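Peer 1: Before anything else, here's the structure in question.
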Amino acid sequence: MTNTTTMAEGESNEVIEGREAIPLLTPYKMGNFNLSHRIVLAPLTRSRSYNFIPQPHAALYYSQRTTKGGFLIGEASGVSDTAQGYPNTPGIWTTEQVEAWKPIVSAVHAKGGIFFCQLWHTGRVSNYGYQPRGQPPISCTNIPLRKDILNNVATDKYPPPRRLRTDEIPKLVNDFRIAAKNAMEAGFDGVEIHGGNGYLIDQFLKDKVNDRDDEYGGNLENRCRFPLQVVKAIADEIGADKVGVRLSPFADYNDCADSDPQALGIHMAQSLNQLGILYCHMIEPRMITQFSKCDTNWSLMPIRSIFKGTFIVAGGYNRSEGNRVIACNATDLVAFGRLFLANPDLPARFECDAWLNEPDVSTFYTHDPMLGYTDYPFLENTTN
């Protein structure tokens, strides 16, 4: 069973100033950051960064979802010119991109929010059109993926990647390091390394994809070597207290599965402890696709019990489930994606248990700067 189905229904909430506290709305100290509540804006690709450059309309989008002391994780941003795999996703590898991020970050800070930049490289989840000089995408393998992030057949979308040579991997590590440095230059409070969802780091981690026979493939320690080198390089560059990692060991997104996901998650948690990073952000095992849940016997609790930093869970949570996992200490924070996308004032709605706007899936990845992006109504501007 997952965390959300094994928690005691009768957990009593903390009482603060004579009122029963809502667990999701209790304060939390995340390292050096004082959070006013436990509701996190999950990193969400929105495909509105034209030519891979963040746009002014993102300042409104993120500031709408900012509360004083709230924690936001920005949409995945490419670390290099080989990192992109989707249209109009932002990057953080050029001076122009860094400068474009600055007013967006400032808009979040103006409202008292804490803002992290998520760093990614899509690896083989790309094609010739996104790569420099029309070259093949790069990965730990030369085997193309057969299904995409939504489990759709993808053989015609993604060509065979080029298997990275061993001597090329240090440059990739450095690309992540420079991107983290750039993120801090843009004003972000820290970075989250995207190690999940079938993208490059996840491709190295998972034994169903990583078929290398060098020091970066084979056993668990070798498969985790590149991801941990990335984490260490970034921690050394900007400070481990400003670094988070997102992982999805149980998922098979983008045709990227592992034969023993629990062992993988535990090993990474133990290794991240040694590096002293700020938080670990885990996708729930129940999320068989990005948008659908399933029953499972897997649980995040063994990983939660091992990791010593802040623990964040994500995966189709609603208000009651989020309150329950906070109340029974199954996690420290809960990341909300679609609900926060459609309800920019989500903490306020959760506080009064108000009705919620329904997310419009058809506009998730369109490129309009307003429709389905900044036009979701606030509670105070609506009537029943």
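A note on labels: chains of the structure tokens are A, B, ... as shown, every chain counts residues from 1, and ligands are counted from 1 in their shown order.
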Leaving out region 41-46 of chain A and any residue of its chain fewer than 4 positions from it, which residues lie within 6 Å of it when counting only C-alpha atoms, given as a PyMOL selection string?
Peer 2: chain A and resi 72-75+335-337+365
Peer 1: Pro54 (chain A): which residues within 9 Å, counting only C-alpha atoms, same-chain residues fewer than 3 positions away excluded, as number ranges by chain?
Peer 2: A: 48-51, 57-58, 88-91, 97-98, 100-101, 104
Peer 1: Taking 5 positions as the minimum chain separation for residues in the same chain, which residues sit within 7 Å of Asn142 (chain A) when counting only C-alpha atoms? Answer as a ChimeraX atom specification.
Peer 2: /A:160-163
Peer 1: For a quick check of understanding, using only C-alpha atoms, which of A:Leu60, A:Met282, A:Ala240, A:Val125 has the smallest distance to Lys147 (chain A)?
Peer 2: A:Val125
Peer 1: Could you jot down the CA of Arg349 (chain A) to CA of Tyr373 (chain A) separation for me, Å, one decimal place?
Peer 2: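 About the pair CA of Arg349 (chain A) and CA of Tyr373 (chain A): they are 18.5 Å apart.
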Peer 1: Using only C-alpha atoms, which protein or nucleic acid residues come within 10 Å of Asp175 (chain A)? Drop anything in the same chain fewer than 4 positions from it, and give the result as a ChimeraX atom specification.
Peer 2: /A:78-81,83,93,121,169-171,179-181,230,233-234
